[in-house]
Structures are given as C-alpha cells and as structure tokens.
Amino acid sequence: MLLDAFTQADYAINITDPDGRLVRVNDAYLRLYKFQSESEILGKTQRLIRSSSTPESLYKDMWKTITRGETWRGNLVNRAVDGSAIHIHLTISPIRRDGKIVGYMGFSLNREQQVLLERQLFHANKLMVLGTLSAGLAHEMNNPLASVLLEAEYLRKLFNREGEADKAAGLKATESVIRGVERMQRVLNHLLQYSRKDAIQGMENFTVKRLLEEAFLFMDRQLMTRGIEVTVYADESLSIRGNYTQIESVLHNLISNARDAFSEWETGEAKRISIYARRRENQIEIRFEDNAGGIPDHLLAHIFEPFFTTKDGSKGTGLGLALARKLIEEHGGTIHCVSQFGCTRFTIVLPAGEPA
Ligand SMILES: Nc1ncnc2c1ncn2[C@@H]1O[C@H](COP(=O)(O)OP(=O)(O)OP(=O)(O)O)[C@@H](O)[C@H]1O
Ligand SMILES: [Mg+2]
C-alpha cells in the first residue's frame with residue numbers, strides 16, 4: 001500500500017543515496033522528465049536532468065543545506081530527455097536512520113503554468129517601461145535623420161555643379177550618411193528584438209559595455225533633454241553570464257525610476273546618473289547611482305515589494321523593482337539599495353562570464 005502510494009503519487013518523487021545517486025523514482029518523476037523506465041536512470045546522479053539555466057550557486061547552496069541535515073526548498077530549471085526545460089519547485093530533505101543521513105528525498109512540483117504567467121508579466125513590464133523610455137525615440141531618430149538629409153542635399157549640390165565634383169568632400173558626406181543610417185538601424189533593430197515576446201533567450205556571455213550601451217540606446221536623448229548626465233565607468237573586458245534581455249530590462253527599470261525621481265526633484269544641482277562596474281572574484285558588481293533626491297528610510301524597506309509605488313496610478317504599477325529582484329535572484333545574483341543624502345544607489349551582483 002505504501003509503495004503504491006509512492007508510485008502513484010501526483011508529485012514527482014525521487015530518492016537518492018547520500019552521494020545523490022538515484023535509488024527510486026515514482027511514475028510522476030518518469031513522466032515529468034520523459035524517461036521510459038526507472039531502470040535506465042537508477043544509479044545515476046541528478047546531473048542527468050540538470051539544465052545550464054540553473055545557476056551553479058543554487059546547487060551548491062542546496063547541497064550545503066541538505067548535507068547539514070536540513071530541508072532545502074527552491075525553484076529551479078531542469079531538462080527532460082527531449083531537451084525541453086522543466087520548471088519545478090523542489091523540496092529536498094535528508095532521510096535519516098539512527099541519526100545518520102542514509103539518503104535524500106526530493107518532491108518536485110511542476111511550475112509550468114506559473115512560469116507562463118511570470119513570462120507574460122515580464123513581457124508586459126518590458127513593454128510598459130519601454131513605452132515610457134522610447135518616448136524619446138522620435139528624438140533619437142530625428143537627429144541622425146536631419147544630418148542625413150543635410151549631407152544628401154550637399155551631395156546633390158556637389159554633383160549638380162559644373163565641372164568635376166570634389167571627390168574627397170563627396171566621400172566624406174557619403175560616410176556621414178552611412179553612419180547616420182547605421183545608427184538609426186541599430187536603434188530600430190534593437191527595439192524590435194527587445195520588444196519581441198520570445199526575446200527570452202537562454203544564458204549567454206555578454207560584455208557589460210554592450211549591455212550598458214544598448215540599455216541607454218532608446219533614451220540617451222530623453223535624459224539629455226532633461227539635463228540628466230550619464231557617466232559609465234566600466235572596463236571593456238568585464239562580462240556577465242546571464243539572460244541578456246532580462247538583465248537589460250532590469251536596467252531599464254532602474255533608468256526609468258531615476259528619470260521619474262529627477263522629475264519630482266529640483267535642487268538646482270547637476271542631475272547625474274553614474275554607473276560603476278567592476279569584477280569581484282567570479283562575480284560582476286554594477287553600481288547604479290543617481291542624485292535625484294533619495295528614498296526616505298520608511299519607504300526604502302518596501303521598494304522591492306510587488307505593487308509598492310509612490311507614483312500615481314497612471315505612472316507606476318510598483319512592479320519594476322519586484323521583477324528586477326526576481327530576475328536577478330534567478331541568476332544566482334543579488335540586488336540591494338541604499339539611499340542617503342539625496343542619492344540612491346542600487347548594487348547588482350551577477351555571475352561573471354568568460355572575459356571578453
Ligand atoms: N532611483 C530612485 N529614486 C527615488 N525613488 C525611487 C527610485 N527607485 C525606486 N524608487 C521608489 O521605489 C518605488 C518602487 O519602484 P518600482 O520600480 O518597483 O515601481 P514604480 O516605479 O513605482 O512602478 P513601475 O516600475 O511598475 O512603473 C517607486 O515608486 C519610488 O517611490
Ligand atoms: Mg519603476
């Protein structure tokens with residue numbers, strides 16, 4: 001009877017020996033990971049179902065907790081036999097006999113539905129923030145367009161003149177046209193790619209420089225026209241391992257928050273956003289600072305809570321920072337905020353990638 005209950009349980013259950021090798025799994029476990037039979041996996045470790053989307057630090061934390069004799073709970077991504085991603089909430093506890101750990105038991109709850117909803121939320125937030133960021137998109141396009149038009153008119157004049165055209169001057173104007181068009185193409189391509197629903201790719205290595213450049217691509221001018229100066233201090237070699245679109249959306253949330261804070265704060269002081277990135281062992285730390293007035297202590301404790309906002313209904317949903325924290329933590333990273341003397345600093349720590 002007990003064995004029947006185990007075999008037929010709706011939760012995926014697996015039992016391992018103290019070294020993490022599979023001893024028993026139930027039917028739901030086989031179904032979840034699309035294995036044919038128990039015999040093909042017994043004796044193997046859970047590496048069988050590991051996905052590179054789960055940060056290494058999570059496994060370390062899990063292993064440390066259970067070998068200490070405690071229960072570990074958390075969300076992670078595994079991989080089924082056919083390569084598809086399996087999102088689960090895992091509870092894993094030691095099994096003891098006479099006080100000694102003789103194995104571990106894992107319960108997996110399929111999070112497929114929840115992940116689907118989380119993705120929709122992420123996408124909605126991305127588009128909303130993008131909507132406010134790219135209000136400056138028209139400006140972003142206007143400047144290169146104006147210069148392209150100017151250079152093209154010059155070229156027409158050049159070739160309309162009597163006699164031979166000045167080749168060097170013509171080439172220079174042509175170069176300028178190409179640069180202007182390339183810049184517009186870059187902004188538009190990035191906009192299209194970023195706002196696609198399936199922009200959620202897997203983990204990749206990317207440089208901090210590319211991340212920061214592209215994150216500001218849509219709004220350089222919007223910040224400039226508001227008199228906000230952006231300074232970036234980041235070594236070109238720094239790189240991160242993560243999901244590019246997700247990390248970029250975290251930055252967009254921080255940028256839009258700083259922009260909003262500046263609009264409510266007039267000190268006469270120069271408005272500044274400063275970003276510092278550096279390597280700390282096998283992690284990258286990004287500090288994002290503004291001098292837009294700061295956050296009072298009694299609010300600071302709540303800013304990462306979902307739906308916490310000080311903005312009126314049409315302006316903010318209060319989801320930006322809650323999502324940012326969720327995304328960063330799924331990468332095995334951290335995000336913290338301190339605010340003092342009118343300045344706010346967000347510190348993000350993420351796993352480093354291969355050096356560029
Ligand atoms: N740089 C900042 N300076 C001052 N206050 C900030 C800053 N960043 C965040 N806050 C405060 O934290 C609150 C929560 O931020 P969060 O991004 O989660 O939500 P929101 O910006 O209000 O709404 P949403 O991001 O969903 O549009 C903000 O309403 C604001 O009060
Ligand atoms: Mg926000």
# chains A, B, ... in the order shown; residues from 1 in each chain; ligands from 1
call {"tool": "residues_around", "arguments": {"residues": "Val177 (chain A)", "least_positions_apart": "5", "cutoff": "9 Å", "atoms": "only C-alpha atoms", "output": "ChimeraX atom specification"}}
result
/A:144-145,147-152,172,182
call {"tool": "residues_around", "arguments": {"residues": "Arg186 (chain A)", "least_positions_apart": "6", "cutoff": "12 Å", "atoms": "only C-alpha atoms", "output": "CSV table (one decimal) with C-alpha atoms, in the first residue's frame"}}
result
chain,number,residue,atom,x,y,z
A,140,GLU,CA,16.7,59.5,-31.2
A,141,MET,CA,15.7,59.3,-34.9
A,144,PRO,CA,20.6,61.4,-37.5
A,179,ARG,CA,26.9,56.5,-40.2
A,180,GLY,CA,23.6,58.2,-39.6
A,192,LEU,CA,12.3,45.2,-32.5
A,193,GLN,CA,14.5,42.5,-30.9
A,194,TYR,CA,13.9,43.7,-27.4
A,213,GLU,CA,25.3,50.9,-24.4
A,214,GLU,CA,22.2,49.1,-25.5
A,217,LEU,CA,20.1,53.3,-26.7
A,218,PHE,CA,16.5,54.4,-26.6
call {"tool": "select_by_dssp", "arguments": {"residues": "region 195-345 of chain A", "states": "strand (DSSP E or B)", "output": "PyMOL selection string"}}
result
chain A and resi 204-207+228-234+239-242+271-280+283-290+334-340+343-345
call {"tool": "residues_around", "arguments": {"residues": "Ile41 (chain A)", "least_positions_apart": "2", "cutoff": "12 Å", "atoms": "only C-alpha atoms", "output": "MDAnalysis selection string"}}
result
chainID A and resid 14:16 21:26 29:30 33:39 43:49 81
call {"tool": "write_last_selection", "arguments": {"atoms": "N, CA and C atoms", "output": "mmCIF file, in the first residue's frame"}}
result
data_model
loop_
_atom_site.group_PDB
_atom_site.id
_atom_site.type_symbol
_atom_site.label_atom_id
_atom_site.label_comp_id
_atom_site.auth_asym_id
_atom_site.auth_seq_id
_atom_site.Cartn_x
_atom_site.Cartn_y
_atom_site.Cartn_z
ATOM 1 N N ASN A 14 11.686 11.539 -5.928
ATOM 2 C CA ASN A 14 12.888 10.745 -6.160
ATOM 3 C C ASN A 14 13.637 10.542 -4.849
ATOM 4 N N ILE A 15 14.233 9.362 -4.724
ATOM 5 C CA ILE A 15 15.019 9.052 -3.535
ATOM 6 C C ILE A 15 16.438 8.753 -3.992
ATOM 7 N N THR A 16 17.404 9.367 -3.318
ATOM 8 C CA THR A 16 18.807 9.133 -3.698
ATOM 9 C C THR A 16 19.587 8.591 -2.503
ATOM 10 N N ARG A 21 22.994 9.651 -5.774
ATOM 11 C CA ARG A 21 22.641 8.728 -6.878
ATOM 12 C C ARG A 21 21.222 8.212 -6.696
ATOM 13 N N LEU A 22 20.485 8.157 -7.804
ATOM 14 C CA LEU A 22 19.068 7.785 -7.730
ATOM 15 C C LEU A 22 18.885 6.327 -7.293
ATOM 16 N N VAL A 23 17.995 6.121 -6.301
ATOM 17 C CA VAL A 23 17.701 4.782 -5.801
ATOM 18 C C VAL A 23 16.289 4.358 -6.209
ATOM 19 N N ARG A 24 15.354 5.282 -6.093
ATOM 20 C CA ARG A 24 13.974 5.035 -6.531
ATOM 21 C C ARG A 24 13.385 6.332 -7.083
ATOM 22 N N VAL A 25 12.551 6.230 -8.097
ATOM 23 C CA VAL A 25 11.749 7.376 -8.539
ATOM 24 C C VAL A 25 10.340 6.860 -8.808
ATOM 25 N N ASN A 26 9.349 7.744 -8.719
ATOM 26 C CA ASN A 26 7.984 7.262 -8.973
ATOM 27 C C ASN A 26 7.556 7.568 -10.415
ATOM 28 N N TYR A 29 7.649 11.153 -11.661
ATOM 29 C CA TYR A 29 9.011 11.608 -11.961
ATOM 30 C C TYR A 29 9.398 11.208 -13.389
ATOM 31 N N LEU A 30 9.106 9.951 -13.729
ATOM 32 C CA LEU A 30 9.427 9.464 -15.081
ATOM 33 C C LEU A 30 8.668 10.278 -16.126
ATOM 34 N N TYR A 33 10.097 13.980 -16.588
ATOM 35 C CA TYR A 33 11.346 14.108 -17.344
ATOM 36 C C TYR A 33 11.364 13.248 -18.608
ATOM 37 N N LYS A 34 10.222 12.616 -18.896
ATOM 38 C CA LYS A 34 10.038 11.828 -20.123
ATOM 39 C C LYS A 34 11.000 10.639 -20.226
ATOM 40 N N PHE A 35 11.279 9.988 -19.095
ATOM 41 C CA PHE A 35 12.060 8.748 -19.131
ATOM 42 C C PHE A 35 11.118 7.596 -19.423
ATOM 43 N N GLN A 36 11.665 6.533 -20.077
ATOM 44 C CA GLN A 36 10.840 5.361 -20.396
ATOM 45 C C GLN A 36 10.616 4.499 -19.159
ATOM 46 N N SER A 37 11.705 4.239 -18.430
ATOM 47 C CA SER A 37 11.577 3.336 -17.279
ATOM 48 C C SER A 37 12.561 3.738 -16.197
ATOM 49 N N GLU A 38 12.275 3.242 -15.001
ATOM 50 C CA GLU A 38 13.112 3.556 -13.853
ATOM 51 C C GLU A 38 14.529 2.998 -14.046
ATOM 52 N N SER A 39 14.594 1.795 -14.645
ATOM 53 C CA SER A 39 15.882 1.099 -14.705
ATOM 54 C C SER A 39 16.939 1.890 -15.489
ATOM 55 N N GLY A 43 20.947 4.636 -10.203
ATOM 56 C CA GLY A 43 22.398 4.608 -10.052
ATOM 57 C C GLY A 43 23.055 5.857 -10.611
ATOM 58 N N LYS A 44 22.297 6.623 -11.409
ATOM 59 C CA LYS A 44 22.868 7.865 -11.961
ATOM 60 C C LYS A 44 22.540 9.047 -11.041
ATOM 61 N N THR A 45 23.299 10.115 -11.199
ATOM 62 C CA THR A 45 23.014 11.282 -10.361
ATOM 63 C C THR A 45 22.045 12.206 -11.082
ATOM 64 N N GLN A 46 21.612 13.224 -10.366
ATOM 65 C CA GLN A 46 20.617 14.153 -10.916
ATOM 66 C C GLN A 46 21.196 15.036 -12.016
ATOM 67 N N ARG A 47 22.516 14.909 -12.255
ATOM 68 C CA ARG A 47 23.128 15.654 -13.375
ATOM 69 C C ARG A 47 22.400 15.348 -14.668
ATOM 70 N N LEU A 48 21.834 14.153 -14.706
ATOM 71 C CA LEU A 48 21.029 13.679 -15.823
ATOM 72 C C LEU A 48 20.002 14.709 -16.297
ATOM 73 N N ILE A 49 19.452 15.444 -15.336
ATOM 74 C CA ILE A 49 18.356 16.359 -15.674
ATOM 75 C C ILE A 49 18.745 17.819 -15.462
ATOM 76 N N VAL A 81 14.363 14.517 -21.050
ATOM 77 C CA VAL A 81 15.154 13.736 -22.013
ATOM 78 C C VAL A 81 15.164 14.403 -23.398
#
call {"tool": "closest_residue", "arguments": {"among": "A:Glu70, A:Glu248, A:Glu229, A:Glu175", "to": "Lys209 (chain A)", "atoms": "only C-alpha atoms"}}
result
A:Glu248
call {"tool": "residues_near_ligand", "arguments": {"ligand": "ligand 1", "cutoff": "8 Å", "atoms": "only C-alpha atoms and all ligand atoms", "output": "NGL selection string"}}
result
:A and (125 or 128-129 or 253-262 or 289-290 or 292-295 or 299-300 or 302-311 or 315-323 or 343-345)
call {"tool": "write_last_selection", "arguments": {"atoms": "N, CA and C atoms", "output": "compact mmCIF listing (two decimals), in the first residue's frame"}}
result
# COMPACT_ATOMS: atom_id res chain seq x y z
N ASN A 125 5.68 44.17 -18.42
CA ASN A 125 6.51 45.19 -17.76
C ASN A 125 7.53 45.76 -18.75
N MET A 128 5.84 48.12 -21.05
CA MET A 128 5.40 49.33 -20.38
C MET A 128 6.59 50.28 -20.16
N VAL A 129 7.66 49.72 -19.62
CA VAL A 129 8.84 50.56 -19.37
C VAL A 129 9.39 51.09 -20.69
N ASN A 253 14.39 49.32 -15.91
CA ASN A 253 13.59 49.67 -14.73
C ASN A 253 14.33 50.68 -13.84
N LEU A 254 15.64 50.48 -13.67
CA LEU A 254 16.40 51.41 -12.84
C LEU A 254 16.49 52.79 -13.50
N ILE A 255 16.69 52.78 -14.82
CA ILE A 255 16.80 54.06 -15.54
C ILE A 255 15.48 54.83 -15.44
N SER A 256 14.37 54.12 -15.67
CA SER A 256 13.08 54.84 -15.65
C SER A 256 12.75 55.33 -14.24
N ASN A 257 13.15 54.57 -13.23
CA ASN A 257 12.94 55.04 -11.85
C ASN A 257 13.73 56.33 -11.57
N ALA A 258 14.98 56.33 -12.01
CA ALA A 258 15.82 57.52 -11.77
C ALA A 258 15.22 58.72 -12.51
N ARG A 259 14.82 58.49 -13.76
CA ARG A 259 14.22 59.58 -14.54
C ARG A 259 12.98 60.14 -13.83
N ASP A 260 12.12 59.24 -13.32
CA ASP A 260 10.92 59.69 -12.60
C ASP A 260 11.30 60.49 -11.36
N ALA A 261 12.34 60.00 -10.64
CA ALA A 261 12.73 60.68 -9.40
C ALA A 261 13.24 62.09 -9.70
N PHE A 262 13.98 62.24 -10.80
CA PHE A 262 14.50 63.57 -11.15
C PHE A 262 13.37 64.54 -11.46
N GLU A 289 23.87 54.65 -9.64
CA GLU A 289 23.62 55.74 -8.67
C GLU A 289 22.95 56.94 -9.32
N ASP A 290 22.06 57.59 -8.56
CA ASP A 290 21.53 58.87 -9.02
C ASP A 290 21.50 59.85 -7.85
N ALA A 292 18.94 62.03 -7.37
CA ALA A 292 17.61 62.58 -7.64
C ALA A 292 16.78 62.85 -6.40
N GLY A 293 17.41 62.86 -5.23
CA GLY A 293 16.64 63.20 -4.03
C GLY A 293 16.58 62.10 -3.00
N GLY A 294 16.80 60.85 -3.43
CA GLY A 294 16.86 59.76 -2.48
C GLY A 294 15.50 59.20 -2.09
N ILE A 295 15.53 58.14 -1.28
CA ILE A 295 14.31 57.48 -0.83
C ILE A 295 14.29 57.51 0.70
N LEU A 299 10.31 54.26 3.48
CA LEU A 299 9.86 53.70 2.21
C LEU A 299 10.86 52.68 1.66
N LEU A 300 12.13 52.95 1.97
CA LEU A 300 13.21 52.12 1.43
C LEU A 300 12.99 50.63 1.70
N HIS A 302 10.45 49.00 1.60
CA HIS A 302 9.33 48.40 0.85
C HIS A 302 9.52 48.41 -0.66
N ILE A 303 10.56 49.07 -1.15
CA ILE A 303 10.60 49.33 -2.60
C ILE A 303 10.63 48.07 -3.46
N PHE A 304 11.11 46.94 -2.90
CA PHE A 304 11.17 45.71 -3.71
C PHE A 304 9.88 44.90 -3.62
N GLU A 305 8.92 45.38 -2.84
CA GLU A 305 7.66 44.64 -2.71
C GLU A 305 6.81 44.85 -3.97
N PRO A 306 6.15 43.76 -4.43
CA PRO A 306 5.27 43.92 -5.59
C PRO A 306 4.17 44.94 -5.28
N PHE A 307 3.86 45.77 -6.25
CA PHE A 307 2.80 46.78 -6.17
C PHE A 307 3.09 47.92 -5.20
N PHE A 308 4.31 48.01 -4.67
CA PHE A 308 4.64 49.18 -3.86
C PHE A 308 5.05 50.31 -4.79
N THR A 309 4.30 51.40 -4.76
CA THR A 309 4.65 52.54 -5.60
C THR A 309 4.28 53.83 -4.90
N THR A 310 5.04 54.89 -5.17
CA THR A 310 4.67 56.20 -4.65
C THR A 310 4.16 57.07 -5.80
N LYS A 311 4.06 56.44 -6.98
CA LYS A 311 3.62 57.20 -8.15
C LYS A 311 2.11 57.01 -8.33
N LYS A 315 1.06 56.28 -13.63
CA LYS A 315 2.51 56.34 -13.85
C LYS A 315 3.25 55.08 -13.45
N GLY A 316 2.81 54.44 -12.35
CA GLY A 316 3.58 53.28 -11.89
C GLY A 316 2.70 52.17 -11.38
N THR A 317 3.13 50.94 -11.60
CA THR A 317 2.39 49.80 -11.07
C THR A 317 3.08 49.25 -9.82
N GLY A 318 4.32 49.66 -9.59
CA GLY A 318 5.06 49.15 -8.44
C GLY A 318 5.62 47.76 -8.66
N LEU A 319 5.75 47.39 -9.93
CA LEU A 319 6.26 46.04 -10.21
C LEU A 319 7.72 46.05 -10.65
N GLY A 320 8.21 47.23 -11.05
CA GLY A 320 9.56 47.31 -11.63
C GLY A 320 10.63 46.65 -10.77
N LEU A 321 10.74 47.08 -9.54
CA LEU A 321 11.83 46.57 -8.69
C LEU A 321 11.56 45.14 -8.21
N ALA A 322 10.28 44.80 -8.01
CA ALA A 322 9.95 43.43 -7.59
C ALA A 322 10.41 42.45 -8.67
N LEU A 323 10.12 42.82 -9.93
CA LEU A 323 10.55 41.97 -11.05
C LEU A 323 12.07 41.95 -11.16
N CYS A 343 20.99 60.81 -2.49
CA CYS A 343 21.49 59.93 -3.55
C CYS A 343 21.00 58.50 -3.32
N THR A 344 20.72 57.82 -4.40
CA THR A 344 20.26 56.44 -4.31
C THR A 344 21.23 55.56 -5.05
N ARG A 345 21.57 54.42 -4.44
CA ARG A 345 22.50 53.51 -5.11
C ARG A 345 21.95 52.09 -5.09
call {"tool": "residues_around", "arguments": {"residues": "Thr207 (chain A)", "least_positions_apart": "2", "cutoff": "6 Å", "atoms": "only C-alpha atoms", "output": "ChimeraX atom specification"}}
result
/A:209-210,238-239
call {"tool": "closest_residue", "arguments": {"among": "A:Asp312, A:Thr267, A:Asn75, A:Thr245", "to": "ligand 2", "atoms": "only C-alpha atoms and all ligand atoms"}}
result
A:Asp312
call {"tool": "residues_around", "arguments": {"residues": "Ala234 (chain A)", "least_positions_apart": "6", "cutoff": "12 Å", "atoms": "only C-alpha atoms", "output": "list in words"}}
result
Thr207, Val208, Lys209, Arg210, Leu211, Leu212, Glu213, Ser274, Ile275, Tyr276, Ala277, Arg278, Arg279, Ile284, Glu285, Ile286, Arg287 and Phe288 of chain A
call {"tool": "atom_distance", "arguments": {"atom1": "CA of Met219 (chain A)", "atom2": "CA of Lys271 (chain A)"}}
result
15.4 Å
call {"tool": "closest_residue", "arguments": {"among": "A:Gly333, A:Glu153, A:Ile247, A:Thr132", "to": "ligand 2", "atoms": "only C-alpha atoms and all ligand atoms"}}
result
A:Thr132
